[in-house]
Amino acid sequence: MIERIGEWFDQRIGVRRIREVLLDEPLPAGTGWLFTLGSVLLGLLTVQVLTGAFLTLYYAPTPDHAYDSIRFIDSTTPGRVVRGLHHFGASFIVVFLVLHLLRVVCYGAYKPPRELTWLSGLALLGLVLGFALTGYLLPWDQRAYWATVVTINISRLMPIAGDAVAAVLQGGATIGALTLTRWYSVHVIFLPAVLIALIATHVAMMRRQGISGPLRPREGFPSPFYPFHAARDVTAVSVVLAALAVMAFGGAPALEPPADPTDATYFPRPEWYFLGLFQLLKYFPGRLEVVGALVVPGVAAVFLALLPWIDRGAERHPRHRPFIMSAVIAGLVAVVALTTLGWRDRPMSASPREGWTLEEIGGRTFIAAIGCARCHSDTGMADALDHATMGRGTEWLAGHTIDPEVIAPGVRERTSPLHEREVAAIVAHVRRLSRESYPGFAPQIETAAAVYARHCIGCHVIDGKGGKEGPELSDIGRKHDLSALRLWIADPEAVNPDAEMPAFKNRLTPDQLDAIAGYLATRR
Amino acid sequence: MPPHTDHQPSRRRALTIFVNGIGALFGGALAALLGAFAVRPARGAPVERWIRAGTLGDLVPDVPVARVLSVPRADGWYRGRARQTVFLVWTGTQDVRAFSATCTHLGCQVLWDAPAKRFRCPCHGGAYDAEGRVIAGPPPRPLNRLQARVDGTNKSILVQL
């Protein structure tokens, strides 16, 4: 039956002929496992194209909605896994591209007549890095935003055309809606079109010249690709895809907070495969920056592109090509070393699991005091804050906190005027809530946090945040105990007539005084 | 043309089954995942909310008053607001009736025809009385009643949407 259906189609469109052309390539004896890397890449790219296409069903490329739409994708298991596949798939592709490239270099497979296959492969490498770069802008979280800022500023270093290139990359006057749509369409339309054309060229050239095969010709008959080498390919592809699936099953790493152009505390870090370049930049400060950003990578790229013309002899065995092999190994060692250094050089502030700051905790008290819950409740006219999604920026949130009518005129009652520090604390609290749920703190700590966020933060630093006029309080408990602190806060002049700090005995309730003094006493 | 080889036909057949089987396995798994992702069911029932629709002072006994309410609507990742018209009818006591303005025939928005004391649908001539009962035309059911209550403290009227 299947035979007859096959026959029917064969007579009309010649499927057998297509299969023969695609699959029956004779491969020389001794074609081994190292020749499966191209197929692994093809498999990974297929997964990338399919998951990417399906992600566009839900993704919205606008600054207001990109972040929320990604969170929506992550809200179901299939969504998490699909995005996980796409996320980790990108890393897998970079790894296997490098392995594929090293295999070709070690086997001298770029030698005539395969120079153009080699060049198209290098172009594919550049293209994949372009995919990676444009792809991780799309979630519009902090990492995405700041990586884009850095990329666009690096492009500015280019001689002569720098500013023009940066303007094209940026699209609008600032990095914003026009940048996002532009990078999105490059990522999902233009790059894929070029990718497919280049892969077709690369594979067609490989087929035309045949694979380079083992270093020394072996005895034996050639065998057809299908099913003999295909079995090796399929095994390698399945092992790699299974590993990818295991990683992807837990989903892509959680998003960072939404993009915030005003956040000076954020320390941007690129994706791991750009860490080497990131580290390299640190060695070329000031005017030399262009060397690290463009000259060194440029020289490396030109060296690779010219390999077939530098390494001209007919000898393919790596042991007989010491110059090329040592140059490539040196380059590889440099890349691995830079990446490792970049990886280890992580400042404390980049750790994602830091505790809630006092300001973030304090915001909760103000939220309760001004009655956000009148609208923000499970049955109210707006979403409860505990599961609010905060894709909108801090400016909007601050505006809405000061005047709730900002979003729906006439519907809600105005709240009493808020102090700017209360607004800042509320914004900090809601931003934090949009990432993780409130862990809950002792009432005394919540009270102390609110007092600090309203009254102390202007002059005193705790854990790196606050004004510098007064002394830092992060470990004030080492110097003073609870009663001394309470006395001082209530009336500094009673302790020291020259004190500049205002008295708080009339501005704080006894409970508030107890709470803040008690909290500070625990700071050791 | 397939080149001549020294492989046995049985080995060829086993490998063919292996290659095709693995291909089908991974293809099938990916297709199932992407299919589930593409047709993901809508999450949960929409939340019912009590929306403030005005105060008793705005109403005259037994005369329906149209209020346009702005209702939060979660549309996937999009937090939007939908404008929805409701009619409030005050019975003269603490009781307020609320009707959806959507005609039960084909979904047009009805109007209150004050001289004729009836709701009229502009599309197909449906008509309802002040209590929402059908009195003429094609509507199959009375106007949809909405839950409404008066908040005693400030006389505001809350409608459940």
# chains A, B, ... in the order shown; residues from 1 in each chain; ligands from 1
>>> residues_around(residues="Arg81 (chain B)", least_positions_apart="4", cutoff="8 Å", atoms="only C-alpha atoms", output="list in words")
Ser70, Val71, Pro72 and Arg73 of chain B
>>> residues_around(residues="Val81 (chain A)", least_positions_apart="6", cutoff="10 Å", atoms="only C-alpha atoms", output="list in words")
Thr51, Ile73, Asp74, His87, Ala245, Val246, Met247, Ala248, Phe249, Gly250, Gly251 and Ala252 of chain A; Leu33, Leu34 and Phe37 of chain B
>>> select_by_dssp(residues="region 59-143 of chain B", states="strand (DSSP E or B)", output="PyMOL selection string")
chain B and resi 61+65-75+78-90+96-100+102+109+111-113+118-120+127-128+134-136
>>> residues_around(residues="His105 (chain B)", least_positions_apart="6", cutoff="12 Å", atoms="only C-alpha atoms", output="count of residues only")
19
>>> interface_residues(of="chain A", to="chain B", cutoff="7 Å", atoms="only C-alpha atoms", output="tab-separated table (two decimals) with N, CA and C atoms, in the first residue's frame")
chain	number	residue	atom	x	y	z
A	20	GLU	N	17.00	10.62	-3.76
A	20	GLU	CA	18.34	10.22	-4.20
A	20	GLU	C	19.32	11.38	-4.13
A	24	ASP	N	21.39	10.15	-0.98
A	24	ASP	CA	22.23	9.03	-1.41
A	24	ASP	C	23.65	9.44	-1.75
A	26	PRO	N	27.40	9.46	-1.86
A	26	PRO	CA	28.39	8.49	-1.43
A	26	PRO	C	29.43	9.15	-0.53
A	54	PHE	N	6.96	29.88	16.59
A	54	PHE	CA	5.80	29.74	17.48
A	54	PHE	C	5.80	30.80	18.58
A	68	ASP	N	5.68	41.95	29.45
A	68	ASP	CA	4.48	41.23	29.89
A	68	ASP	C	4.17	40.04	28.99
A	69	SER	N	4.40	40.20	27.68
A	69	SER	CA	4.07	39.09	26.79
A	69	SER	C	5.01	37.91	27.04
A	72	PHE	N	3.80	36.21	30.03
A	72	PHE	CA	2.61	35.43	29.67
A	72	PHE	C	3.03	34.10	29.06
A	78	PRO	N	3.99	24.48	28.50
A	78	PRO	CA	4.51	24.44	27.12
A	78	PRO	C	5.25	25.72	26.76
A	79	GLY	N	4.74	26.85	27.23
A	79	GLY	CA	5.37	28.13	26.94
A	79	GLY	C	6.77	28.20	27.52
A	221	PHE	N	35.02	0.65	0.27
A	221	PHE	CA	34.05	1.24	-0.63
A	221	PHE	C	33.42	2.46	0.02
A	222	PRO	N	33.06	3.46	-0.77
A	222	PRO	CA	32.22	4.52	-0.20
A	222	PRO	C	30.84	3.97	0.13
A	223	SER	N	30.17	4.55	1.10
A	223	SER	CA	28.81	4.11	1.40
A	223	SER	C	27.87	5.30	1.30
A	224	PRO	N	26.58	5.02	0.97
A	224	PRO	CA	25.64	6.14	0.82
A	224	PRO	C	25.37	6.78	2.17
A	227	PRO	N	21.17	4.98	4.71
A	227	PRO	CA	21.03	5.30	6.13
A	227	PRO	C	22.32	5.18	6.92
A	228	PHE	N	23.47	4.94	6.24
A	228	PHE	CA	24.65	4.53	7.02
A	228	PHE	C	25.24	5.69	7.83
A	230	ALA	N	23.78	8.57	8.08
A	230	ALA	CA	22.62	9.20	8.70
A	230	ALA	C	22.36	8.63	10.09
A	231	ALA	N	22.67	7.33	10.28
A	231	ALA	CA	22.45	6.73	11.60
A	231	ALA	C	23.35	7.40	12.63
A	234	VAL	N	21.95	10.96	13.19
A	234	VAL	CA	20.73	10.96	13.99
A	234	VAL	C	21.06	10.68	15.45
A	379	THR	N	-11.36	41.31	43.56
A	379	THR	CA	-12.64	41.58	42.91
A	379	THR	C	-12.78	43.05	42.57
A	380	GLY	N	-11.76	43.82	42.83
A	380	GLY	CA	-11.85	45.25	42.56
A	380	GLY	C	-11.68	45.57	41.09
A	381	MET	N	-11.61	46.87	40.80
A	381	MET	CA	-11.58	47.23	39.38
A	381	MET	C	-10.17	47.14	38.80
A	382	ALA	N	-9.17	46.84	39.62
A	382	ALA	CA	-7.82	46.65	39.09
A	382	ALA	C	-7.20	45.42	39.73
>>> residues_around(residues="Arg67 (chain B)", least_positions_apart="2", cutoff="12 Å", atoms="only C-alpha atoms", output="PDB file with N, CA and C atoms, in the first residue's frame")
ATOM      1  N   VAL A 411     -12.989  57.436  37.361  1.00  0.00           N
ATOM      2  CA  VAL A 411     -13.434  56.181  37.934  1.00  0.00           C
ATOM      3  C   VAL A 411     -13.118  56.084  39.413  1.00  0.00           C
TER       4      VAL A 411
ATOM      5  N   ILE B  51     -17.882  47.196  40.275  1.00  0.00           N
ATOM      6  CA  ILE B  51     -17.450  48.476  39.735  1.00  0.00           C
ATOM      7  C   ILE B  51     -18.407  49.575  40.202  1.00  0.00           C
ATOM      8  N   ARG B  52     -17.824  50.690  40.589  1.00  0.00           N
ATOM      9  CA  ARG B  52     -18.638  51.809  41.035  1.00  0.00           C
ATOM     10  C   ARG B  52     -19.302  52.453  39.823  1.00  0.00           C
ATOM     11  N   ALA B  53     -20.624  52.590  39.856  1.00  0.00           N
ATOM     12  CA  ALA B  53     -21.343  53.057  38.674  1.00  0.00           C
ATOM     13  C   ALA B  53     -22.074  54.374  38.929  1.00  0.00           C
ATOM     14  N   GLY B  54     -21.761  55.030  40.040  1.00  0.00           N
ATOM     15  CA  GLY B  54     -22.422  56.306  40.311  1.00  0.00           C
ATOM     16  C   GLY B  54     -22.977  56.304  41.725  1.00  0.00           C
ATOM     17  N   THR B  55     -23.767  57.312  42.064  1.00  0.00           N
ATOM     18  CA  THR B  55     -24.367  57.364  43.406  1.00  0.00           C
ATOM     19  C   THR B  55     -25.876  57.465  43.266  1.00  0.00           C
ATOM     20  N   ASP B  58     -27.567  60.447  41.651  1.00  0.00           N
ATOM     21  CA  ASP B  58     -27.624  60.640  40.196  1.00  0.00           C
ATOM     22  C   ASP B  58     -28.931  60.111  39.607  1.00  0.00           C
ATOM     23  N   LEU B  59     -29.720  59.351  40.402  1.00  0.00           N
ATOM     24  CA  LEU B  59     -30.833  58.605  39.814  1.00  0.00           C
ATOM     25  C   LEU B  59     -32.196  59.206  40.160  1.00  0.00           C
ATOM     26  N   PRO B  64     -34.655  54.504  33.889  1.00  0.00           N
ATOM     27  CA  PRO B  64     -33.340  53.924  33.628  1.00  0.00           C
ATOM     28  C   PRO B  64     -32.342  54.989  33.201  1.00  0.00           C
ATOM     29  N   VAL B  65     -31.159  54.920  33.804  1.00  0.00           N
ATOM     30  CA  VAL B  65     -30.081  55.846  33.459  1.00  0.00           C
ATOM     31  C   VAL B  65     -28.911  55.033  32.918  1.00  0.00           C
ATOM     32  N   LEU B  69     -19.260  52.287  31.850  1.00  0.00           N
ATOM     33  CA  LEU B  69     -18.251  51.891  32.825  1.00  0.00           C
ATOM     34  C   LEU B  69     -17.001  51.413  32.112  1.00  0.00           C
ATOM     35  N   SER B  70     -15.900  51.695  32.760  1.00  0.00           N
ATOM     36  CA  SER B  70     -14.626  51.236  32.220  1.00  0.00           C
ATOM     37  C   SER B  70     -14.196  50.027  33.058  1.00  0.00           C
ATOM     38  N   ARG B  83     -15.027  49.399  27.602  1.00  0.00           N
ATOM     39  CA  ARG B  83     -16.120  50.285  28.002  1.00  0.00           C
ATOM     40  C   ARG B  83     -17.422  49.522  27.816  1.00  0.00           C
ATOM     41  N   GLN B  84     -18.247  49.590  28.831  1.00  0.00           N
ATOM     42  CA  GLN B  84     -19.459  48.794  28.801  1.00  0.00           C
ATOM     43  C   GLN B  84     -20.603  49.638  29.336  1.00  0.00           C
ATOM     44  N   THR B  85     -21.740  49.616  28.621  1.00  0.00           N
ATOM     45  CA  THR B  85     -22.886  50.421  29.061  1.00  0.00           C
ATOM     46  C   THR B  85     -23.807  49.563  29.924  1.00  0.00           C
ATOM     47  N   VAL B  86     -24.202  50.113  31.083  1.00  0.00           N
ATOM     48  CA  VAL B  86     -25.221  49.446  31.896  1.00  0.00           C
ATOM     49  C   VAL B  86     -26.339  50.458  32.169  1.00  0.00           C
ATOM     50  N   PHE B  87     -27.558  49.951  32.356  1.00  0.00           N
ATOM     51  CA  PHE B  87     -28.672  50.805  32.759  1.00  0.00           C
ATOM     52  C   PHE B  87     -28.964  50.576  34.219  1.00  0.00           C
ATOM     53  N   LEU B  88     -29.068  51.662  34.989  1.00  0.00           N
ATOM     54  CA  LEU B  88     -29.404  51.564  36.410  1.00  0.00           C
ATOM     55  C   LEU B  88     -30.840  52.035  36.582  1.00  0.00           C
ATOM     56  N   VAL B  89     -31.641  51.264  37.288  1.00  0.00           N
ATOM     57  CA  VAL B  89     -33.018  51.672  37.581  1.00  0.00           C
ATOM     58  C   VAL B  89     -33.198  51.669  39.089  1.00  0.00           C
ATOM     59  N   ALA B  98     -29.905  46.676  37.845  1.00  0.00           N
ATOM     60  CA  ALA B  98     -28.944  47.015  36.791  1.00  0.00           C
ATOM     61  C   ALA B  98     -29.119  46.056  35.633  1.00  0.00           C
ATOM     62  N   PHE B  99     -29.122  46.605  34.404  1.00  0.00           N
ATOM     63  CA  PHE B  99     -29.239  45.775  33.204  1.00  0.00           C
ATOM     64  C   PHE B  99     -28.042  45.994  32.302  1.00  0.00           C
ATOM     65  N   SER B 100     -27.649  44.957  31.646  1.00  0.00           N
ATOM     66  CA  SER B 100     -26.691  45.110  30.564  1.00  0.00           C
ATOM     67  C   SER B 100     -27.411  45.777  29.401  1.00  0.00           C
ATOM     68  N   ALA B 101     -26.747  46.655  28.676  1.00  0.00           N
ATOM     69  CA  ALA B 101     -27.387  47.345  27.549  1.00  0.00           C
ATOM     70  C   ALA B 101     -27.326  46.517  26.273  1.00  0.00           C
ATOM     71  N   LEU B 111     -31.332  51.436  23.654  1.00  0.00           N
ATOM     72  CA  LEU B 111     -31.437  52.818  24.146  1.00  0.00           C
ATOM     73  C   LEU B 111     -32.699  52.909  24.994  1.00  0.00           C
ATOM     74  N   TRP B 112     -32.765  53.871  25.916  1.00  0.00           N
ATOM     75  CA  TRP B 112     -33.997  54.102  26.682  1.00  0.00           C
ATOM     76  C   TRP B 112     -34.804  55.165  25.956  1.00  0.00           C
ATOM     77  N   ILE B 157     -23.271  53.225  44.060  1.00  0.00           N
ATOM     78  CA  ILE B 157     -23.877  52.019  43.496  1.00  0.00           C
ATOM     79  C   ILE B 157     -22.777  51.177  42.884  1.00  0.00           C
ATOM     80  N   LEU B 158     -22.737  49.911  43.293  1.00  0.00           N
ATOM     81  CA  LEU B 158     -21.720  49.006  42.773  1.00  0.00           C
ATOM     82  C   LEU B 158     -22.395  47.962  41.901  1.00  0.00           C
ATOM     83  N   VAL B 159     -21.823  47.728  40.723  1.00  0.00           N
ATOM     84  CA  VAL B 159     -22.385  46.748  39.793  1.00  0.00           C
ATOM     85  C   VAL B 159     -21.352  45.661  39.577  1.00  0.00           C
TER      86      VAL B 159
END
>>> residues_around(residues="Gly466 (chain A)", least_positions_apart="3", cutoff="10 Å", atoms="only C-alpha atoms", output="PyMOL selection string")
chain A and resi 359+452-453+456-463+469-470+472-473
>>> write_last_selection(atoms="C-alpha atoms", output="compact mmCIF listing (two decimals), in the first residue's frame")
# COMPACT_ATOMS: atom_id res chain seq x y z
CA GLU A 359 12.81 50.87 50.94
CA TYR A 452 13.48 54.59 57.30
CA ALA A 453 12.03 54.97 53.79
CA CYS A 456 15.97 58.47 57.28
CA ILE A 457 16.81 57.56 53.66
CA GLY A 458 17.36 61.20 52.72
CA CYS A 459 20.51 61.48 54.86
CA HIS A 460 21.59 57.95 55.83
CA VAL A 461 22.86 55.04 53.78
CA ILE A 462 21.81 51.49 54.62
CA ASP A 463 23.06 48.69 52.35
CA GLU A 469 24.72 63.79 54.70
CA GLY A 470 24.51 61.68 57.84
CA GLU A 472 25.99 55.28 57.30
CA LEU A 473 23.75 53.09 59.44
>>> residues_around(residues="region 111-125 of chain A", least_positions_apart="2", cutoff="10 Å", atoms="only C-alpha atoms", output="count of residues only")
45
>>> residues_around(residues="region 166-178 of chain A", least_positions_apart="2", cutoff="8 Å", atoms="only C-alpha atoms", output="list in words")
Thr62, Pro63, Val149, Ile152, Asn153, Ser155, Arg156, Gly162, Asp163, Ala164, Leu180, Thr181, Arg182 and Trp183 of chain A
>>> atom_distance(atom1="CA of Asp491 (chain A)", atom2="CA of Asp514 (chain A)")
13.6 Å
>>> select_by_dssp(residues="region 206-445 of chain A", states="helix (DSSP H, G or I)", output="PyMOL selection string")
chain A and resi 206-209+225-249+272-282+286-310+318-320+322-344+348-350+358-370+372-374+385-387+394-402+404-406+420-433+443-445
>>> atom_distance(atom1="CA of Ala148 (chain B)", atom2="CA of Thr104 (chain B)")
19.6 Å
